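Peer 1: What follows is the file query-v2.cif, containing mmCIF, C-alpha atoms and all ligand atoms:
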```cif
data_upload
loop_
_atom_site.group_PDB
_atom_site.id
_atom_site.type_symbol
_atom_site.label_atom_id
_atom_site.label_comp_id
_atom_site.auth_asym_id
_atom_site.auth_seq_id
_atom_site.Cartn_x
_atom_site.Cartn_y
_atom_site.Cartn_z
ATOM 1 C CA MET A 1 67.441 97.558 110.115
ATOM 2 C CA CYS A 2 70.395 98.511 112.266
ATOM 3 C CA ILE A 3 72.951 95.710 112.659
ATOM 4 C CA ASP A 4 74.078 97.204 115.961
ATOM 5 C CA CYS A 5 70.535 96.802 117.333
ATOM 6 C CA LEU A 6 70.911 93.065 116.690
ATOM 7 C CA SER A 7 74.245 92.742 118.464
ATOM 8 C CA ARG A 8 72.924 90.200 121.007
ATOM 9 C CA ALA A 9 71.516 88.068 118.191
ATOM 10 C CA TYR A 10 74.637 88.292 115.999
ATOM 11 C CA ASP A 11 76.570 85.328 117.421
ATOM 12 C CA PRO A 12 73.613 82.906 117.412
ATOM 13 C CA PHE A 13 72.688 84.058 113.895
ATOM 14 C CA MET A 14 76.238 83.489 112.619
ATOM 15 C CA SER A 15 76.813 80.191 114.416
ATOM 16 C CA GLY A 16 75.654 78.036 111.484
ATOM 17 C CA PHE A 17 77.958 79.839 109.042
ATOM 18 C CA GLU A 18 80.836 79.513 111.516
ATOM 19 C CA VAL A 19 80.361 75.743 111.727
ATOM 20 C CA LEU A 20 79.987 75.406 107.956
ATOM 21 C CA GLY A 21 83.372 76.969 107.275
ATOM 22 C CA LEU A 22 83.708 80.551 108.428
ATOM 23 C CA ARG A 23 85.449 79.532 111.632
ATOM 24 C CA ARG A 24 88.058 77.564 109.670
ATOM 25 C CA TRP A 25 88.658 80.521 107.339
ATOM 26 C CA ARG A 26 89.179 82.806 110.317
ATOM 27 C CA ALA A 27 91.619 80.372 111.957
ATOM 28 C CA GLU A 28 93.657 79.869 108.781
ATOM 29 C CA LEU A 29 94.107 83.580 108.153
ATOM 30 C CA LEU A 30 94.467 84.918 111.686
ATOM 31 C CA GLY A 31 96.469 82.155 113.377
ATOM 32 C CA PRO A 32 99.779 83.056 111.681
ATOM 33 C CA LEU A 33 99.604 86.803 112.458
ATOM 34 C CA GLN A 34 102.283 88.356 114.643
ATOM 35 C CA GLY A 35 103.070 91.662 116.266
ATOM 36 C CA ALA A 36 100.591 94.541 116.384
ATOM 37 C CA VAL A 37 97.258 93.754 114.750
ATOM 38 C CA LEU A 38 94.369 96.134 114.052
ATOM 39 C CA GLU A 39 90.929 94.699 113.380
ATOM 40 C CA LEU A 40 88.281 96.958 111.863
ATOM 41 C CA GLY A 41 84.578 96.425 112.459
ATOM 42 C CA ALA A 42 85.310 93.797 115.080
ATOM 43 C CA GLY A 43 81.613 93.329 115.847
ATOM 44 C CA THR A 44 81.032 90.879 118.695
ATOM 45 C CA GLY A 45 84.593 89.541 118.517
ATOM 46 C CA ALA A 46 84.125 86.441 116.365
ATOM 47 C CA ASN A 47 87.761 86.670 115.300
ATOM 48 C CA LEU A 48 89.184 86.893 118.813
ATOM 49 C CA PRO A 49 89.647 83.155 119.522
ATOM 50 C CA HIS A 50 91.702 82.786 116.353
ATOM 51 C CA TYR A 51 94.565 85.171 117.123
ATOM 52 C CA GLY A 52 97.663 83.325 118.292
ATOM 53 C CA ASP A 53 100.250 84.138 120.933
ATOM 54 C CA GLY A 54 102.360 85.882 118.292
ATOM 55 C CA VAL A 55 99.968 88.834 118.382
ATOM 56 C CA THR A 56 101.537 91.142 120.948
ATOM 57 C CA ARG A 57 99.098 94.055 120.586
ATOM 58 C CA LEU A 58 95.522 93.740 119.387
ATOM 59 C CA VAL A 59 93.404 96.827 118.693
ATOM 60 C CA LEU A 60 89.725 96.373 117.814
ATOM 61 C CA VAL A 61 87.821 99.241 116.201
ATOM 62 C CA GLU A 62 84.040 98.986 116.337
ATOM 63 C CA PRO A 63 81.605 101.897 115.852
ATOM 64 C CA GLY A 64 78.472 100.196 117.198
ATOM 65 C CA GLU A 65 77.750 100.671 120.902
ATOM 66 C CA GLY A 66 75.710 97.482 121.072
ATOM 67 C CA MET A 67 78.466 95.492 119.363
ATOM 68 C CA ARG A 68 81.068 97.011 121.691
ATOM 69 C CA ALA A 69 79.025 95.965 124.731
ATOM 70 C CA VAL A 70 79.266 92.328 123.607
ATOM 71 C CA LEU A 71 82.858 92.712 122.440
ATOM 72 C CA GLN A 72 84.383 94.421 125.468
ATOM 73 C CA PRO A 73 84.384 91.492 127.941
ATOM 74 C CA LYS A 74 85.788 89.147 125.312
ATOM 75 C CA ALA A 75 88.471 91.713 124.449
ATOM 76 C CA ASP A 76 89.333 92.180 128.121
ATOM 77 C CA ALA A 77 89.818 88.433 128.486
ATOM 78 C CA ARG A 78 92.227 88.504 125.515
ATOM 79 C CA GLY A 79 94.004 91.686 126.617
ATOM 80 C CA ALA A 80 92.838 93.535 123.497
ATOM 81 C CA GLU A 81 92.054 97.263 123.261
ATOM 82 C CA VAL A 82 88.608 98.317 122.023
ATOM 83 C CA LEU A 83 88.151 101.679 120.310
ATOM 84 C CA GLY A 84 84.998 103.335 119.030
ATOM 85 C CA GLY A 85 85.290 104.959 115.623
ATOM 86 C CA PHE A 86 85.202 104.226 111.948
ATOM 87 C CA ALA A 87 87.548 102.473 109.564
ATOM 88 C CA GLU A 88 87.556 105.596 107.397
ATOM 89 C CA ALA A 89 89.245 107.734 110.104
ATOM 90 C CA LEU A 90 91.501 105.718 112.363
ATOM 91 C CA PRO A 91 92.915 107.125 115.604
ATOM 92 C CA LEU A 92 96.265 105.393 115.010
ATOM 93 C CA ASP A 93 99.685 106.614 113.943
ATOM 94 C CA ASP A 94 101.138 106.034 110.491
ATOM 95 C CA ASN A 95 103.216 102.822 110.131
ATOM 96 C CA SER A 96 102.087 101.501 113.498
ATOM 97 C CA VAL A 97 100.673 98.003 112.924
ATOM 98 C CA ASP A 98 101.884 94.781 111.329
ATOM 99 C CA ALA A 99 98.487 93.642 110.054
ATOM 100 C CA VAL A 100 95.039 95.079 109.432
ATOM 101 C CA VAL A 101 92.056 92.697 109.452
ATOM 102 C CA PHE A 102 88.707 93.213 107.716
ATOM 103 C CA GLY A 103 86.137 90.472 108.333
ATOM 104 C CA LEU A 104 82.728 90.950 106.690
ATOM 105 C CA VAL A 105 83.172 94.702 106.999
ATOM 106 C CA LEU A 106 84.023 96.199 103.605
ATOM 107 C CA CYS A 107 80.459 95.366 102.522
ATOM 108 C CA SER A 108 79.157 97.723 105.209
ATOM 109 C CA VAL A 109 81.558 100.653 105.536
ATOM 110 C CA ARG A 110 80.309 103.846 103.918
ATOM 111 C CA ASP A 111 83.525 104.415 101.938
ATOM 112 C CA PRO A 112 85.612 101.284 101.258
ATOM 113 C CA MET A 113 88.361 103.247 99.449
ATOM 114 C CA ALA A 114 88.777 105.580 102.416
ATOM 115 C CA ALA A 115 88.859 102.608 104.808
ATOM 116 C CA LEU A 116 91.533 100.877 102.733
ATOM 117 C CA ALA A 117 93.538 104.114 102.446
ATOM 118 C CA GLU A 118 93.509 104.326 106.238
ATOM 119 C CA ALA A 119 94.568 100.683 106.509
ATOM 120 C CA LYS A 120 97.487 101.414 104.195
ATOM 121 C CA ARG A 121 98.466 104.478 106.203
ATOM 122 C CA VAL A 122 98.659 102.662 109.534
ATOM 123 C CA LEU A 123 100.390 99.544 108.173
ATOM 124 C CA LYS A 124 104.139 99.323 108.679
ATOM 125 C CA PRO A 125 106.184 98.863 105.484
ATOM 126 C CA GLY A 126 105.711 95.216 104.544
ATOM 127 C CA GLY A 127 102.589 94.948 106.697
ATOM 128 C CA GLN A 128 99.705 92.731 105.706
ATOM 129 C CA LEU A 129 96.043 93.249 104.897
ATOM 130 C CA VAL A 130 93.868 90.248 105.818
ATOM 131 C CA PHE A 131 90.315 89.966 104.527
ATOM 132 C CA ILE A 132 87.242 87.752 104.489
ATOM 133 C CA GLU A 133 84.458 89.470 102.557
ATOM 134 C CA HIS A 134 81.382 88.603 100.549
ATOM 135 C CA VAL A 135 81.315 90.249 97.142
ATOM 136 C CA GLN A 136 79.092 90.808 94.144
ATOM 137 C CA GLY A 137 78.522 87.723 92.021
ATOM 138 C CA ARG A 138 79.234 87.428 88.327
ATOM 139 C CA GLY A 139 76.758 86.872 85.504
ATOM 140 C CA PRO A 140 73.100 86.437 86.494
ATOM 141 C CA LEU A 141 73.927 86.468 90.212
ATOM 142 C CA GLY A 142 75.577 89.853 89.703
ATOM 143 C CA TRP A 143 72.348 91.194 88.178
ATOM 144 C CA VAL A 144 70.394 89.880 91.151
ATOM 145 C CA HIS A 145 72.878 91.490 93.552
ATOM 146 C CA ARG A 146 72.730 94.843 91.787
ATOM 147 C CA ALA A 147 68.929 94.783 91.719
ATOM 148 C CA MET A 148 68.591 93.765 95.355
ATOM 149 C CA ALA A 149 71.405 95.893 96.796
ATOM 150 C CA PRO A 150 69.324 98.917 97.915
ATOM 151 C CA LEU A 151 66.651 96.810 99.610
ATOM 152 C CA TRP A 152 69.222 94.484 101.177
ATOM 153 C CA ALA A 153 71.170 97.453 102.545
ATOM 154 C CA MET A 154 67.988 98.673 104.251
ATOM 155 C CA VAL A 155 67.232 95.343 105.944
ATOM 156 C CA ALA A 156 70.850 94.332 106.640
ATOM 157 C CA GLY A 157 72.305 97.375 108.345
ATOM 158 C CA GLY A 158 73.906 98.970 105.276
ATOM 159 C CA CYS A 159 75.489 95.758 103.965
ATOM 160 C CA ARG A 160 75.922 96.029 100.178
ATOM 161 C CA LEU A 161 75.582 92.987 97.933
ATOM 162 C CA ASP A 162 77.002 94.825 94.938
ATOM 163 C CA ARG A 163 80.596 95.563 95.933
ATOM 164 C CA ASP A 164 83.550 94.352 93.886
ATOM 165 C CA THR A 165 85.818 94.378 96.920
ATOM 166 C CA ALA A 166 88.754 92.586 95.261
ATOM 167 C CA ARG A 167 88.935 95.334 92.664
ATOM 168 C CA THR A 168 88.628 98.011 95.359
ATOM 169 C CA ILE A 169 91.493 96.474 97.338
ATOM 170 C CA GLU A 170 93.693 96.624 94.232
ATOM 171 C CA ALA A 171 92.516 100.139 93.371
ATOM 172 C CA ALA A 172 93.516 101.226 96.874
ATOM 173 C CA GLY A 173 97.095 100.200 96.116
ATOM 174 C CA PHE A 174 97.363 96.670 97.469
ATOM 175 C CA VAL A 175 98.760 93.611 95.721
ATOM 176 C CA PHE A 176 97.259 90.211 96.525
ATOM 177 C CA GLU A 177 99.552 87.581 97.976
ATOM 178 C CA ASP A 178 96.772 85.060 98.212
ATOM 179 C CA ILE A 179 93.111 85.317 97.273
ATOM 180 C CA LYS A 180 90.564 82.533 97.260
ATOM 181 C CA ARG A 181 87.129 82.984 95.705
ATOM 182 C CA THR A 182 84.527 80.544 96.946
ATOM 183 C CA TRP A 183 80.893 80.276 97.902
ATOM 184 C CA PHE A 184 80.056 81.732 101.267
ATOM 185 C CA PRO A 185 79.234 78.718 103.462
ATOM 186 C CA GLY A 186 75.501 78.208 103.804
ATOM 187 C CA ALA A 187 74.387 81.614 102.508
ATOM 188 C CA PRO A 188 72.231 81.510 99.375
ATOM 189 C CA LEU A 189 72.335 85.248 98.657
ATOM 190 C CA VAL A 190 75.380 86.616 100.466
ATOM 191 C CA MET A 191 77.943 85.015 98.185
ATOM 192 C CA PRO A 192 80.471 84.546 96.693
ATOM 193 C CA ALA A 193 83.244 85.288 99.165
ATOM 194 C CA ILE A 194 86.868 86.299 98.871
ATOM 195 C CA ARG A 195 89.470 85.658 101.511
ATOM 196 C CA GLY A 196 93.201 86.082 101.664
ATOM 197 C CA THR A 197 96.014 88.530 102.198
ATOM 198 C CA ALA A 198 97.478 91.515 100.399
ATOM 199 C CA ARG A 199 100.306 93.972 100.930
ATOM 200 C CA PRO A 200 100.746 97.582 99.897
ATOM 201 C CA ALA A 201 102.128 97.758 96.350
ATOM 202 C CA GLY A 202 105.898 98.135 96.375
ATOM 203 C CA ALA A 203 106.225 96.678 99.878
ATOM 204 C CA PRO A 204 109.075 94.256 100.608
ATOM 205 C CA ALA A 205 108.221 90.664 99.666
ATOM 206 C CA THR A 206 109.315 89.409 103.076
ATOM 207 C CA PRO A 207 106.817 90.071 105.860
ATOM 208 C CA ALA A 208 107.937 92.618 108.449
ATOM 209 C CA GLN A 209 105.590 91.294 111.127
ATOM 210 C CA GLY A 210 106.547 92.104 114.660
ATOM 211 C CA ALA A 211 109.539 94.178 113.453
HETATM 212 C C1 LIG B 1 78.798 91.918 109.603
HETATM 213 S S1 LIG B 1 79.547 92.662 110.981
HETATM 214 C C2 LIG B 1 81.104 91.760 111.051
HETATM 215 C C3 LIG B 1 81.619 91.616 112.448
HETATM 216 C C4 LIG B 1 82.907 90.809 112.590
HETATM 217 N N1 LIG B 1 84.026 91.480 111.915
HETATM 218 C C5 LIG B 1 82.763 89.411 112.093
HETATM 219 O O1 LIG B 1 83.627 88.947 111.334
HETATM 220 O O2 LIG B 1 81.832 88.733 112.497
HETATM 221 C C6 LIG B 1 80.060 94.235 110.330
HETATM 222 C C7 LIG B 1 80.649 95.141 111.381
HETATM 223 O O3 LIG B 1 81.214 96.284 110.744
HETATM 224 C C8 LIG B 1 80.938 97.393 111.559
HETATM 225 N N2 LIG B 1 81.044 98.609 110.732
HETATM 226 C C9 LIG B 1 80.100 99.155 109.928
HETATM 227 N N3 LIG B 1 80.580 100.280 109.376
HETATM 228 C C10 LIG B 1 81.850 100.439 109.826
HETATM 229 C C11 LIG B 1 82.869 101.421 109.617
HETATM 230 N N4 LIG B 1 82.668 102.444 108.806
HETATM 231 N N5 LIG B 1 84.045 101.268 110.249
HETATM 232 C C12 LIG B 1 84.267 100.207 111.059
HETATM 233 N N6 LIG B 1 83.343 99.250 111.294
HETATM 234 C C13 LIG B 1 82.148 99.362 110.692
HETATM 235 C C14 LIG B 1 79.553 97.141 112.107
HETATM 236 O O4 LIG B 1 79.284 97.904 113.267
HETATM 237 C C15 LIG B 1 79.617 95.644 112.386
HETATM 238 O O5 LIG B 1 80.074 95.376 113.684
#
```
As a first step, turn the structure in this file into structure tokens.
Ligand SMILES: C[S@@+](CC[C@H](N)C(=O)[O-])C[C@H]1O[C@@H](n2cnc3c(N)ncnc32)[C@H](O)[C@@H]1O
Peer 2:
Amino acid sequence: MCIDCLSRAYDPFMSGFEVLGLRRWRAELLGPLQGAVLELGAGTGANLPHYGDGVTRLVLVEPGEGMRAVLQPKADARGAEVLGGFAEALPLDDNSVDAVVFGLVLCSVRDPMAALAEAKRVLKPGGQLVFIEHVQGRGPLGWVHRAMAPLWAMVAGGCRLDRDTARTIEAAGFVFEDIKRTWFPGAPLVMPAIRGTARPAGAPATPAQGA
């Protein structure tokens, strides 16, 4: 099933997860951001209310037309720019943003390494990667995820249950500043989750946000 076809149902569907904890995770990670922020796979704009006044430019990339139709009015109200396109090929200059945000997206992109390479390219030196993602479980849950991944991808718009996204983030050349591994609130299958921040390896320890 195509997730974009369900764009009008996305917010009601997610509302329970938001109340159970997702909303708090978004607020904790996005509230402190400053300067120019790029969000990839922005969907219907669930992250928008959580960006603070310190964000001076907000660019939202979303490939789905249906998602963009829901997103656009919310983005207009926030003064954010909406771009079509894919995380794997960003229409942005090198070293142009202070933070890149992935929220429940690296499970769905066709090529997570390419998406993270693009994120690294557009981040300013010292810029920050922010992520909330569900990942493959360990032990028996990992077996279930691997077995179910092809079927789940068909019914859930390409979402993969079997991605080790923390490892992919590191393999793409990022170093974690903070990573929390927890259960995904209220979801029996789409868990566990990781959330936190990372910076390109070798980047200055002090954030360069808004510089
Ligand atoms: C599960 S939704 C998450 C939406 C939103 N970020 C959130 O936190 O609720 C996944 C989104 O990723 C988008 N997406 C899928 N493949 C993508 C890609 N290659 N590049 C950018 N976004 C993509 C989908 O269109 C969809 O809007």
Peer 1: Translate the PyMOL selection byres (((not hetatm)) within 9 of (chain B and resi 1)), as applied to the file shown, into an explicit residue set as JSON, numbers by chain.
Peer 2: {"A": [2, 3, 4, 7, 10, 11, 14, 22, 26, 39, 40, 41, 42, 43, 44, 45, 46, 47, 61, 62, 63, 64, 65, 66, 67, 68, 84, 85, 86, 87, 88, 89, 90, 101, 102, 103, 104, 105, 106, 107, 108, 109, 110, 111, 112, 115, 132, 133, 156, 157, 158, 159]}
Peer 1: At what distance in Å, to one decimal, does atom CA of A:Leu151 lie from atom CA of A:Gly137?
Peer 2: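 Going from atom CA of A:Gly137 over to atom CA of A:Leu151, I get 16.8 Å.
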Peer 1: For the structure shown, which residues end up in the PyMOL selection byres (((chain A and resi 119-123) around 9) and not hetatm)? Put them as an MDAnalysis selection string, please?
Peer 2: chainID A and resid 38 87:88 90 92:101 114:118 124:129 172:174 199:200
Peer 1: With distances taken over all atoms listed in the file, which of A:Arg167, A:Arg8, A:Arg160, A:Arg57 is nearest to A:Met191?
Peer 2: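 So, comparing all the options, the nearest one is A:Arg160.
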Peer 1: Taking all atoms listed in the file into account, which of A:Ala201, A:Val190, A:Val155, A:Leu58 comes nearest A:Ala171?
Peer 2: A:Ala201
Peer 1: Please measure the separation of atom CA of A:Ala198 and atom CA of A:Ser15, giving the value in Å to one decimal.
Peer 2: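 Atom-to-atom, atom CA of A:Ala198 to atom CA of A:Ser15, that is 27.4 Å.
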Peer 1: Quick one: distance from atom CA of A:Lys180 to atom CA of A:Arg24 in Å, one decimal?
Peer 2: 13.6 Å
Peer 1: Let me know the residues the PyMOL selection byres (((chain A and resi 33) around 10) and not hetatm) catches in the file above, as a CSV table (one decimal) with C-alpha atoms, keeping the file's coordinate frame.
Peer 2:
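What follows is the written file expr20.csv:
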```csv
chain,number,residue,atom,x,y,z
A,28,GLU,CA,93.7,79.9,108.8
A,29,LEU,CA,94.1,83.6,108.2
A,30,LEU,CA,94.5,84.9,111.7
A,31,GLY,CA,96.5,82.2,113.4
A,32,PRO,CA,99.8,83.1,111.7
A,34,GLN,CA,102.3,88.4,114.6
A,35,GLY,CA,103.1,91.7,116.3
A,36,ALA,CA,100.6,94.5,116.4
A,37,VAL,CA,97.3,93.8,114.8
A,50,HIS,CA,91.7,82.8,116.4
A,51,TYR,CA,94.6,85.2,117.1
A,52,GLY,CA,97.7,83.3,118.3
A,53,ASP,CA,100.2,84.1,120.9
A,54,GLY,CA,102.4,85.9,118.3
A,55,VAL,CA,100.0,88.8,118.4
A,56,THR,CA,101.5,91.1,120.9
A,98,ASP,CA,101.9,94.8,111.3
A,99,ALA,CA,98.5,93.6,110.1
A,100,VAL,CA,95.0,95.1,109.4
A,128,GLN,CA,99.7,92.7,105.7
A,130,VAL,CA,93.9,90.2,105.8
A,209,GLN,CA,105.6,91.3,111.1
A,210,GLY,CA,106.5,92.1,114.7
```
Peer 1: Counting all atoms listed in the file, which of A:Val70, A:Ala27, A:Ile179, A:Leu141 gets nearest to A:Leu6?
Peer 2: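 Answer, going by the shortest atom-to-atom distance: A:Val70.
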Peer 1: Could you check which of A:Arg23, A:Thr197, A:His134, A:Gly142 is closest to A:Glu170, using all atoms listed in the file?
Peer 2: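 Residue with the minimum atom-to-atom distance to A:Glu170: A:Thr197.
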Peer 1: So, with all atoms listed in the file as the atoms that count, which of A:Pro49, A:Pro192, A:Gly21, A:Pro73 lies closest to A:Val135?
Peer 2: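 Smallest distance to A:Val135 is found for A:Pro192.
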Peer 1: With all atoms of stretch 74-80 of chain A from the file as input, state the centre and edge lengths in Å to one decimal of the axis-aligned box that has 8 Å extra on each side, as JSON.
Peer 2:
```
{"center_x": 89.9, "center_y": 91.0, "center_z": 126.0, "size_x": 24.2, "size_y": 21.1, "size_z": 21.0}
```
Peer 1: Which residue gives the smallest distance to A:Phe17 among A:Ile194, A:Ala203, A:Ala187, A:Ala80, with only C-alpha atoms counted?
Peer 2: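 For A:Phe17, the nearest of the candidates is A:Ala187.
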